[in-house]
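J.: Contents of upload.cif (mmCIF, C-alpha atoms and all ligand atoms) are below:
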```cif
data_data
#
loop_
_atom_site.label_atom_id
_atom_site.label_comp_id
_atom_site.auth_asym_id
_atom_site.auth_seq_id
_atom_site.Cartn_x
_atom_site.Cartn_y
_atom_site.Cartn_z
CA MET A 1 -3.33 -15.31 209.67
CA PRO A 2 -3.16 -18.60 211.63
CA LYS A 3 -2.69 -18.18 215.37
CA LEU A 4 -1.72 -21.71 216.41
CA PHE A 5 1.85 -20.85 215.54
CA SER A 6 1.88 -17.43 217.16
CA THR A 7 4.16 -16.96 220.15
CA MET A 8 2.92 -16.56 223.70
CA THR A 9 4.62 -15.20 226.80
CA VAL A 10 3.75 -16.12 230.39
CA LYS A 11 6.08 -14.45 232.89
CA ASN A 12 9.57 -15.17 231.53
CA LEU A 13 8.43 -18.16 229.47
CA GLU A 14 8.31 -17.48 225.74
CA LEU A 15 6.61 -20.18 223.74
CA ARG A 16 7.18 -20.49 219.99
CA ASN A 17 3.60 -21.68 219.41
CA ARG A 18 0.42 -22.80 221.20
CA VAL A 19 0.95 -26.57 220.88
CA VAL A 20 1.35 -28.41 224.20
CA MET A 21 2.36 -32.01 224.78
CA PRO A 22 0.42 -32.88 227.96
CA PRO A 23 1.94 -35.14 230.60
CA MET A 24 1.61 -38.80 229.66
CA CYS A 25 3.09 -41.58 231.80
CA THR A 26 5.35 -43.84 229.77
CA TYR A 27 5.93 -46.40 232.55
CA SER A 28 9.58 -46.73 231.58
CA THR A 29 11.74 -46.36 234.68
CA ASP A 30 13.01 -49.05 236.97
CA ASP A 31 11.92 -48.82 240.61
CA GLN A 32 14.32 -45.88 241.19
CA GLY A 33 12.21 -43.28 239.35
CA ARG A 34 15.10 -42.05 237.20
CA ALA A 35 14.82 -40.77 233.63
CA ASN A 36 16.75 -42.91 231.15
CA ASP A 37 17.47 -43.09 227.41
CA TRP A 38 13.84 -43.91 226.64
CA HIS A 39 12.66 -40.64 228.21
CA PHE A 40 15.45 -38.72 226.49
CA VAL A 41 14.58 -39.98 223.00
CA HIS A 42 10.81 -39.70 223.59
CA TYR A 43 10.82 -36.07 224.73
CA VAL A 44 13.63 -34.76 222.51
CA THR A 45 11.83 -36.19 219.46
CA ARG A 46 8.77 -34.01 220.26
CA ALA A 47 11.06 -30.98 220.64
CA VAL A 48 12.50 -31.67 217.19
CA GLY A 49 8.92 -32.11 215.96
CA GLY A 50 8.08 -28.50 216.86
CA VAL A 51 6.03 -28.72 220.08
CA GLY A 52 5.91 -25.36 221.92
CA LEU A 53 5.61 -26.67 225.49
CA ILE A 54 6.46 -30.22 226.51
CA ILE A 55 5.12 -31.24 229.94
CA ILE A 56 6.97 -34.27 231.23
CA GLU A 57 4.81 -37.07 232.62
CA ALA A 58 3.49 -37.33 236.19
CA THR A 59 6.50 -37.45 238.50
CA GLY A 60 6.12 -38.65 242.08
CA VAL A 61 7.17 -36.38 244.93
CA GLU A 62 7.36 -39.42 247.22
CA ARG A 63 7.84 -43.13 246.60
CA ARG A 64 4.25 -43.77 247.75
CA GLY A 65 3.19 -40.86 245.52
CA ARG A 66 3.86 -42.85 242.35
CA ILE A 67 1.00 -44.35 240.38
CA THR A 68 3.15 -47.34 239.41
CA ASP A 69 6.70 -48.44 240.22
CA THR A 70 7.75 -47.45 236.69
CA ASP A 71 6.93 -43.75 237.14
CA LEU A 72 9.46 -40.95 237.24
CA GLY A 73 10.26 -39.46 240.64
CA LEU A 74 11.86 -36.38 242.16
CA TRP A 75 12.01 -37.39 245.79
CA GLU A 76 15.83 -37.54 245.85
CA ASP A 77 18.74 -35.62 244.34
CA GLY A 78 19.97 -38.52 242.19
CA GLN A 79 16.82 -38.17 240.08
CA VAL A 80 17.72 -34.66 238.86
CA GLU A 81 20.51 -35.47 236.39
CA GLY A 82 18.51 -37.61 233.93
CA LEU A 83 15.81 -34.95 233.72
CA LYS A 84 18.32 -32.13 233.33
CA ARG A 85 19.80 -33.86 230.29
CA ILE A 86 16.34 -34.01 228.67
CA VAL A 87 15.52 -30.37 229.44
CA THR A 88 18.82 -29.07 228.06
CA GLU A 89 18.50 -31.03 224.84
CA CYS A 90 14.81 -30.14 224.24
CA GLN A 91 15.61 -26.45 224.72
CA LYS A 92 18.26 -26.66 221.97
CA TYR A 93 15.44 -27.35 219.48
CA GLY A 94 13.34 -24.39 220.62
CA ALA A 95 10.88 -26.22 222.86
CA LYS A 96 10.17 -25.16 226.44
CA VAL A 97 9.88 -27.85 229.07
CA ALA A 98 7.72 -28.27 232.17
CA ILE A 99 7.27 -31.23 234.49
CA GLN A 100 4.15 -32.45 236.25
CA LEU A 101 4.68 -33.04 239.98
CA GLY A 102 2.13 -35.32 241.52
CA HIS A 103 1.10 -37.65 244.28
CA ALA A 104 -1.05 -40.68 243.49
CA GLY A 105 -2.92 -40.72 246.80
CA ARG A 106 -5.54 -43.50 246.82
CA LYS A 107 -4.68 -44.40 243.21
CA CYS A 108 -1.17 -45.67 243.96
CA SER A 109 -1.14 -49.22 242.54
CA ILE A 110 2.13 -50.38 244.12
CA PRO A 111 1.23 -53.19 246.57
CA SER A 112 4.04 -52.40 249.03
CA GLU A 113 3.18 -48.70 249.42
CA ASP A 114 1.04 -46.97 252.04
CA LEU A 115 -2.12 -45.55 250.42
CA ILE A 116 -3.10 -42.12 251.72
CA ALA A 117 -6.13 -39.99 250.87
CA PRO A 118 -8.35 -37.28 252.35
CA SER A 119 -10.81 -39.97 253.53
CA ALA A 120 -10.66 -43.74 253.93
CA LEU A 121 -12.58 -44.46 250.72
CA PRO A 122 -11.16 -46.69 247.96
CA PHE A 123 -11.36 -45.54 244.30
CA ASP A 124 -13.20 -48.77 243.42
CA GLU A 125 -13.20 -52.45 244.36
CA ASN A 126 -9.86 -53.02 242.60
CA TYR A 127 -8.01 -50.60 244.87
CA LYS A 128 -7.01 -50.95 248.52
CA THR A 129 -8.77 -48.76 251.06
CA PRO A 130 -6.50 -45.77 251.80
CA ARG A 131 -5.72 -44.34 255.19
CA ALA A 132 -7.26 -40.92 255.91
CA MET A 133 -4.42 -38.41 256.19
CA THR A 134 -3.62 -36.77 259.49
CA LYS A 135 -2.58 -33.12 259.55
CA GLU A 136 0.98 -34.35 260.06
CA ASP A 137 0.66 -36.38 256.81
CA ILE A 138 -0.57 -33.24 255.02
CA ARG A 139 2.48 -31.33 256.26
CA THR A 140 4.81 -34.16 255.19
CA VAL A 141 3.41 -34.33 251.66
CA THR A 142 3.47 -30.52 251.33
CA GLU A 143 7.14 -30.58 252.27
CA SER A 144 7.78 -33.33 249.68
CA PHE A 145 6.25 -31.08 247.01
CA ARG A 146 8.52 -28.23 248.15
CA GLN A 147 11.65 -30.35 247.98
CA ALA A 148 10.71 -31.78 244.58
CA ALA A 149 10.07 -28.26 243.26
CA PHE A 150 13.56 -27.26 244.35
CA ARG A 151 14.90 -30.15 242.22
CA VAL A 152 12.73 -29.04 239.28
CA GLU A 153 14.58 -25.73 239.36
CA GLN A 154 17.93 -27.51 239.67
CA ALA A 155 17.11 -29.48 236.51
CA GLY A 156 16.54 -26.21 234.62
CA PHE A 157 12.84 -26.59 233.79
CA ASP A 158 11.02 -23.61 232.26
CA ALA A 159 7.71 -24.26 234.04
CA LEU A 160 6.26 -26.49 236.76
CA GLU A 161 2.84 -28.15 236.69
CA ILE A 162 1.03 -29.39 239.79
CA HIS A 163 -1.08 -32.49 239.16
CA ALA A 164 -4.42 -31.70 240.78
CA ALA A 165 -6.47 -33.74 238.27
CA HIS A 166 -7.66 -37.28 237.57
CA GLY A 167 -8.41 -38.36 241.11
CA PHE A 168 -4.86 -38.34 242.40
CA LEU A 169 -4.14 -36.92 245.86
CA LEU A 170 -4.70 -33.17 245.34
CA SER A 171 -7.68 -33.85 243.10
CA GLU A 172 -9.13 -36.12 245.80
CA PHE A 173 -9.08 -33.21 248.23
CA LEU A 174 -10.82 -30.93 245.70
CA SER A 175 -13.73 -33.29 245.03
CA PRO A 176 -16.57 -33.80 247.52
CA LEU A 177 -16.85 -37.37 246.17
CA ALA A 178 -13.45 -38.37 247.58
CA ASN A 179 -13.13 -35.80 250.37
CA ARG A 180 -15.53 -36.37 253.26
CA ARG A 181 -13.37 -34.68 255.88
CA GLU A 182 -14.97 -32.72 258.66
CA ASP A 183 -11.92 -30.64 259.54
CA GLU A 184 -10.64 -27.48 257.78
CA TYR A 185 -9.59 -29.56 254.74
CA GLY A 186 -13.10 -30.74 253.85
CA GLY A 187 -16.56 -29.32 253.17
CA SER A 188 -16.62 -25.86 251.58
CA HIS A 189 -14.73 -24.90 248.42
CA GLU A 190 -12.29 -22.98 250.58
CA ASN A 191 -11.61 -25.99 252.79
CA ARG A 192 -11.28 -28.46 249.92
CA ALA A 193 -8.81 -26.13 248.18
CA ARG A 194 -6.75 -25.56 251.34
CA PHE A 195 -4.25 -28.39 250.77
CA LEU A 196 -3.70 -27.28 247.13
CA LYS A 197 -3.11 -23.73 248.34
CA GLU A 198 -0.58 -24.93 250.91
CA VAL A 199 1.23 -26.95 248.25
CA ILE A 200 1.31 -23.95 245.86
CA THR A 201 2.65 -21.73 248.65
CA ALA A 202 5.34 -24.27 249.56
CA ILE A 203 6.38 -24.67 245.92
CA ARG A 204 6.45 -20.92 245.39
CA ALA A 205 8.93 -20.58 248.27
CA VAL A 206 11.55 -22.36 246.13
CA TRP A 207 10.25 -22.04 242.55
CA PRO A 208 11.34 -18.71 241.01
CA GLN A 209 8.63 -16.03 240.92
CA GLU A 210 9.46 -15.24 237.28
CA LYS A 211 8.78 -18.83 236.16
CA PRO A 212 5.21 -20.00 235.50
CA LEU A 213 3.30 -22.40 237.71
CA ILE A 214 0.59 -24.43 236.00
CA VAL A 215 -2.17 -26.32 237.82
CA ARG A 216 -3.89 -29.23 236.07
CA VAL A 217 -7.46 -29.93 237.22
CA SER A 218 -10.34 -32.27 236.49
CA ALA A 219 -13.06 -29.74 235.71
CA GLU A 220 -15.92 -32.24 235.66
CA ASP A 221 -16.49 -35.35 237.79
CA TYR A 222 -19.33 -36.67 235.54
CA VAL A 223 -21.31 -37.79 238.59
CA SER A 224 -24.09 -35.97 240.43
CA GLY A 225 -22.81 -34.45 243.66
CA GLY A 226 -19.34 -34.08 242.15
CA ASN A 227 -17.41 -31.07 240.87
CA HIS A 228 -18.34 -29.08 237.77
CA PRO A 229 -16.20 -26.47 235.98
CA GLU A 230 -17.73 -23.65 238.04
CA ASP A 231 -16.58 -25.39 241.25
CA LEU A 232 -13.03 -25.66 239.95
CA ALA A 233 -13.06 -22.03 238.83
CA LYS A 234 -14.17 -20.97 242.32
CA MET A 235 -11.42 -23.04 243.95
CA ILE A 236 -8.78 -21.69 241.54
CA ASN A 237 -9.91 -18.17 242.39
CA LEU A 238 -9.31 -19.01 246.05
CA VAL A 239 -5.74 -20.25 245.46
CA LYS A 240 -4.46 -18.26 242.48
CA SER A 241 -2.99 -15.44 244.56
CA ALA A 242 -0.53 -18.00 245.99
CA GLY A 243 1.09 -18.01 242.55
CA VAL A 244 -0.84 -19.80 239.78
CA ASP A 245 -0.19 -18.59 236.21
CA VAL A 246 -1.96 -21.09 233.94
CA VAL A 247 -4.76 -23.65 234.36
CA HIS A 248 -4.52 -26.91 232.41
CA VAL A 249 -8.06 -28.19 232.02
CA SER A 250 -8.74 -31.92 231.93
CA SER A 251 -11.63 -33.90 233.38
CA GLY A 252 -12.75 -37.13 235.00
CA ALA A 253 -11.06 -40.07 236.76
CA VAL A 254 -11.95 -38.84 240.26
CA VAL A 255 -14.50 -41.64 240.60
CA PRO A 256 -15.42 -44.38 238.12
CA ALA A 257 -17.88 -42.68 235.73
CA LYS A 258 -18.99 -43.01 232.14
CA ILE A 259 -17.67 -40.18 229.98
CA ASN A 260 -19.05 -39.20 226.61
CA THR A 261 -15.87 -38.31 224.74
CA TYR A 262 -15.68 -36.63 221.33
CA PRO A 263 -13.17 -34.28 219.69
CA GLY A 264 -12.78 -31.26 221.93
CA TYR A 265 -15.02 -32.65 224.69
CA GLN A 266 -13.26 -30.68 227.44
CA VAL A 267 -12.90 -27.35 225.65
CA LYS A 268 -16.17 -26.00 227.02
CA TYR A 269 -14.88 -26.56 230.56
CA ALA A 270 -11.70 -24.67 229.75
CA GLU A 271 -13.77 -21.75 228.43
CA ILE A 272 -15.71 -21.53 231.70
CA ILE A 273 -12.52 -21.62 233.78
CA LYS A 274 -10.83 -19.03 231.56
CA THR A 275 -13.79 -16.66 231.86
CA MET A 276 -14.32 -17.12 235.60
CA THR A 277 -10.65 -16.97 236.67
CA GLY A 278 -9.16 -14.61 234.10
CA LEU A 279 -6.15 -16.95 233.82
CA PRO A 280 -4.75 -18.39 230.58
CA VAL A 281 -5.88 -21.98 230.00
CA ILE A 282 -4.65 -25.07 228.15
CA ALA A 283 -7.52 -27.00 226.53
CA GLY A 284 -7.80 -30.25 224.62
CA GLY A 285 -9.03 -33.82 224.53
CA LEU A 286 -9.17 -35.92 221.35
CA ILE A 287 -7.82 -33.07 219.21
CA THR A 288 -6.14 -34.36 216.05
CA SER A 289 -6.77 -31.76 213.37
CA PRO A 290 -4.76 -28.55 212.91
CA PHE A 291 -7.97 -26.75 211.93
CA MET A 292 -9.67 -27.71 215.15
CA ALA A 293 -6.70 -26.57 217.20
CA GLU A 294 -6.65 -23.34 215.20
CA GLU A 295 -10.37 -22.74 215.81
CA ILE A 296 -9.88 -23.04 219.61
CA ILE A 297 -7.09 -20.45 219.61
CA GLN A 298 -8.65 -18.05 217.07
CA ASN A 299 -11.96 -17.95 218.93
CA GLU A 300 -10.07 -17.38 222.20
CA ARG A 301 -11.69 -20.39 223.79
CA ALA A 302 -8.26 -21.26 225.19
CA ASP A 303 -4.72 -19.90 225.02
CA LEU A 304 -2.94 -23.17 224.37
CA VAL A 305 -4.05 -26.53 222.97
CA PHE A 306 -2.83 -29.93 224.14
CA LEU A 307 -2.53 -32.99 221.92
CA GLY A 308 -1.76 -36.16 223.82
CA ARG A 309 -2.24 -39.37 221.92
CA GLU A 310 -1.90 -37.59 218.57
CA LEU A 311 1.65 -36.61 219.53
CA LEU A 312 2.36 -40.20 220.57
CA ARG A 313 1.33 -41.29 217.08
CA ASN A 314 3.08 -38.46 215.30
CA PRO A 315 5.87 -36.50 216.99
CA TYR A 316 6.13 -34.27 213.91
CA TRP A 317 2.50 -33.13 214.14
CA PRO A 318 3.42 -29.43 214.64
CA LEU A 319 5.63 -29.35 211.52
CA GLN A 320 2.85 -30.93 209.46
CA ALA A 321 0.10 -28.82 211.05
CA ALA A 322 1.91 -25.58 210.19
CA LYS A 323 2.16 -26.72 206.60
CA GLU A 324 -1.56 -27.57 206.47
CA LEU A 325 -2.41 -24.16 207.91
CA GLY A 326 -0.15 -22.47 205.38
CA GLN A 327 2.17 -21.10 208.05
CA GLU A 328 5.93 -20.83 207.50
CA ILE A 329 7.79 -22.05 210.60
CA LYS A 330 11.39 -22.90 211.25
CA TRP A 331 12.23 -26.56 210.66
CA PRO A 332 15.26 -28.32 212.12
CA PHE A 333 17.90 -27.71 209.44
CA GLN A 334 18.59 -31.44 209.30
CA TYR A 335 15.04 -31.98 207.94
CA GLU A 336 14.86 -28.94 205.62
CA ARG A 337 14.88 -31.04 202.46
CA SER A 338 11.72 -32.84 203.56
CA ARG A 339 9.74 -29.67 204.23
C1 LIG B 401 -0.62 -43.15 228.03
C2 LIG B 401 -1.22 -41.96 228.73
C3 LIG B 401 -0.65 -41.52 229.91
C4 LIG B 401 -1.17 -40.39 230.57
N1 LIG B 401 -0.54 -39.93 231.69
C5 LIG B 401 -0.93 -38.74 232.23
C6 LIG B 401 -0.17 -38.10 233.24
O1 LIG B 401 0.93 -38.55 233.62
N2 LIG B 401 -0.66 -36.95 233.78
C7 LIG B 401 -1.81 -36.37 233.33
O2 LIG B 401 -2.22 -35.32 233.84
N3 LIG B 401 -2.53 -36.93 232.34
C8 LIG B 401 -2.11 -38.07 231.76
N4 LIG B 401 -2.78 -38.59 230.68
C9 LIG B 401 -3.88 -37.81 230.09
C10 LIG B 401 -3.36 -36.95 228.93
O3 LIG B 401 -2.50 -35.93 229.39
C11 LIG B 401 -4.52 -36.29 228.13
O4 LIG B 401 -5.25 -35.45 228.98
C12 LIG B 401 -5.46 -37.35 227.53
O5 LIG B 401 -4.70 -38.31 226.81
C13 LIG B 401 -6.51 -36.72 226.62
O6 LIG B 401 -5.88 -36.02 225.57
P1 LIG B 401 -5.78 -36.65 224.07
O7 LIG B 401 -7.17 -37.04 223.67
O8 LIG B 401 -5.21 -35.54 223.24
O9 LIG B 401 -4.88 -37.84 224.15
C14 LIG B 401 -2.30 -39.73 230.03
C15 LIG B 401 -2.89 -40.20 228.86
C16 LIG B 401 -2.34 -41.28 228.19
C17 LIG B 401 -2.95 -41.72 226.88
#
```
Once you've parsed the file, please lay out its structure as structure tokens.
T.:
Amino acid sequence: MPKLFSTMTVKNLELRNRVVMPPMCTYSTDDQGRANDWHFVHYVTRAVGGVGLIIIEATGVERRGRITDTDLGLWEDGQVEGLKRIVTECQKYGAKVAIQLGHAGRKCSIPSEDLIAPSALPFDENYKTPRAMTKEDIRTVTESFRQAAFRVEQAGFDALEIHAAHGFLLSEFLSPLANRREDEYGGSHENRARFLKEVITAIRAVWPQEKPLIVRVSAEDYVSGGNHPEDLAKMINLVKSAGVDVVHVSSGAVVPAKINTYPGYQVKYAEIIKTMTGLPVIAGGLITSPFMAEEIIQNERADLVFLGRELLRNPYWPLQAAKELGQEIKWPFQYERSR
């Protein structure tokens, strides 16, 4: 009996299957960070295509928290409506919808914005040198996350993901390669995870307890002296009581590093984090085949599987995958004759 299309419940979130569309920037807003018809068509198509959980692309909690000036944002109330329209429509087709809240930190590429980071170290020679954050800056950004989370609830999202991966602000604090602070936000695992814990706590003050909170991490820095999956598991164990329900395991992009990628290259990191934290995990990376996704779920290496670029190529991947696995699933009635 295939398991990729079995349901899963986390708190009050009931997913129809284990297929996740991970957040992927589409660089399609104007400078106002508002969702438009592009985002509507893009995400609703994946809901029609049968995805279980759609996680909307990295969304800035501050203007300077955007990666580019074409990113989505949730730093003001006017940005809620466009997202709400997407959520409501996706839900009609049986998908559940989350959004990734993030802050670009030292990887903000907008020339006019102030670059902030744990320490005054640029990502590489193509980036400006950021300013090391003061404690007041940390409080300001934490409050921006809280306010954005309030808007996530107003838009009707089913789950909220914190972007603590890929060398953006929260990820910078977690990694000893980007965080050289000597105060209580740098050094030990506990100190490096402190800002993430404060952000989780602030979000949890406005994000309903019965709705899941997902944290996305880079489990491997691919450089000696950097983080490995065991480090991330330890830091998640230090913050999970603040209200983390699922860990979304990615890797890299904290510092420039060569990565040996192959189908499923990050699944082993997800397994370590699942075992060490006891939390459900989302795993993936270069997954394209239904059988590979099925293997990951059946062998309990992860609870959910993400397919990024494959879902960009083929929004109907879940419908086709179910067929290949010999599993009967509900199709949109409009497409029944093509089943
Ligand atoms: C165009 C593009 C945009 C992306 N944007 C984000 C993002 O906003 N947030 C994030 O956490 N990861 C982002 N990623 C990484 C993906 O979520 C995913 O981890 C990566 O593509 C590897 O999975 P895949 O091999 O299935 O595509 C992006 C990837 C792509 C290709």
J.: Please identify all protein, DNA and RNA residues within 7 Å of ligand LIG 401 (chain B), counting all atoms listed in the file, and report them as a list in words.
T.: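 Every residue with an atom at most 7 Å from ligand LIG 401 (chain B) is listed here: Pro22, Pro23, Met24, Cys25, Thr26, Glu57, Ala58, His163, Ala165, His166, Arg216, Ser250, Gly284, Gly285, Leu286, Ile287, Phe306, Leu307, Gly308, Arg309 and Glu310 of chain A.
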J.: Which of these, A:Arg204, A:Arg181, A:Lys128, A:Arg18, has the shortest distance to Thr142 (chain A) once you count only C-alpha atoms?
T.: A:Arg204
J.: Name the closest residue to Val247 (chain A) among the candidates A:Glu230, A:Glu161, A:Glu294, A:Asp77; distances are taken between atoms, counting only C-alpha atoms.
T.: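 Under the stated criterion, the closest residue is A:Glu161.
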J.: Might you pull out every residue within 9 Å of Asp30 (chain A), with all atoms listed in the file counted and same-chain residues fewer than 6 positions away left off, and present them as a compact mmCIF listing (two decimals) with C-alpha atoms, in the coordinates of the input?
T.:
```txt
# COMPACT_ATOMS: atom_id res chain seq x y z
CA ASP A 69 6.70 -48.44 240.22
CA THR A 70 7.75 -47.45 236.69
CA ASP A 71 6.93 -43.75 237.14
CA LEU A 72 9.46 -40.95 237.24
```
J.: Quote the spacing between CA of Ala47 (chain A) and CA of Cys90 (chain A) in Å to one decimal place.
T.: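 Interatomic distance here is 5.3 Å.
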J.: Tell me which protein, DNA and RNA residues are within 8 Å of Val51 (chain A), counting only C-alpha atoms, leaving out same-chain ones fewer than 4 positions away, and put them as an mmCIF file with C-alpha atoms, in the coordinates of the input.
T.:
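Result saved to around23.cif:
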```
data_model
loop_
_atom_site.group_PDB
_atom_site.id
_atom_site.type_symbol
_atom_site.label_atom_id
_atom_site.label_comp_id
_atom_site.auth_asym_id
_atom_site.auth_seq_id
_atom_site.Cartn_x
_atom_site.Cartn_y
_atom_site.Cartn_z
ATOM 1 C CA ASN A 17 3.600 -21.680 219.410
ATOM 2 C CA VAL A 19 0.950 -26.570 220.880
ATOM 3 C CA VAL A 20 1.350 -28.410 224.200
ATOM 4 C CA MET A 21 2.360 -32.010 224.780
ATOM 5 C CA ARG A 46 8.770 -34.010 220.260
ATOM 6 C CA ALA A 47 11.060 -30.980 220.640
ATOM 7 C CA ALA A 95 10.880 -26.220 222.860
ATOM 8 C CA PRO A 318 3.420 -29.430 214.640
#
```
J.: Using all atoms listed in the file, which of A:Phe40, A:Ala120, A:Thr45, A:Gly50 sits nearest Glu81 (chain A)?
T.: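 Checking each candidate against Glu81 (chain A), we get A:Phe40 as the closest.
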J.: Would you compute the distance between CA of Ala202 (chain A) and CA of Ile86 (chain A)? Give it in Å to one decimal.
T.: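 Computing the Euclidean distance for CA of Ala202 (chain A) and CA of Ile86 (chain A) yields 25.5 Å.
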J.: What is the CA of Gln154 (chain A) to CA of Asp137 (chain A) distance in Å?
T.: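 CA of Gln154 (chain A) sits 25.9 Å away from CA of Asp137 (chain A).
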J.: Which is closer to Ile282 (chain A) than all the others in A:Ile55, A:Thr140, A:Thr201, A:Gly102, using all atoms listed in the file?
T.: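 Comparing A:Ile55, A:Thr140, A:Thr201, A:Gly102 against Ile282 (chain A), the winner is A:Ile55.
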J.: Tell me which of A:Pro118, A:Gly82, A:Ile259, A:Pro130 sits closest to Asn191 (chain A), counting all atoms listed in the file.
T.: A:Pro118
J.: Measuring between only C-alpha atoms, which one of A:Leu325, A:Ala159, A:Ile200, A:Val10 shows the shortest distance to Leu279 (chain A)?
T.: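 Selected residue with least distance to Leu279 (chain A): A:Val10.
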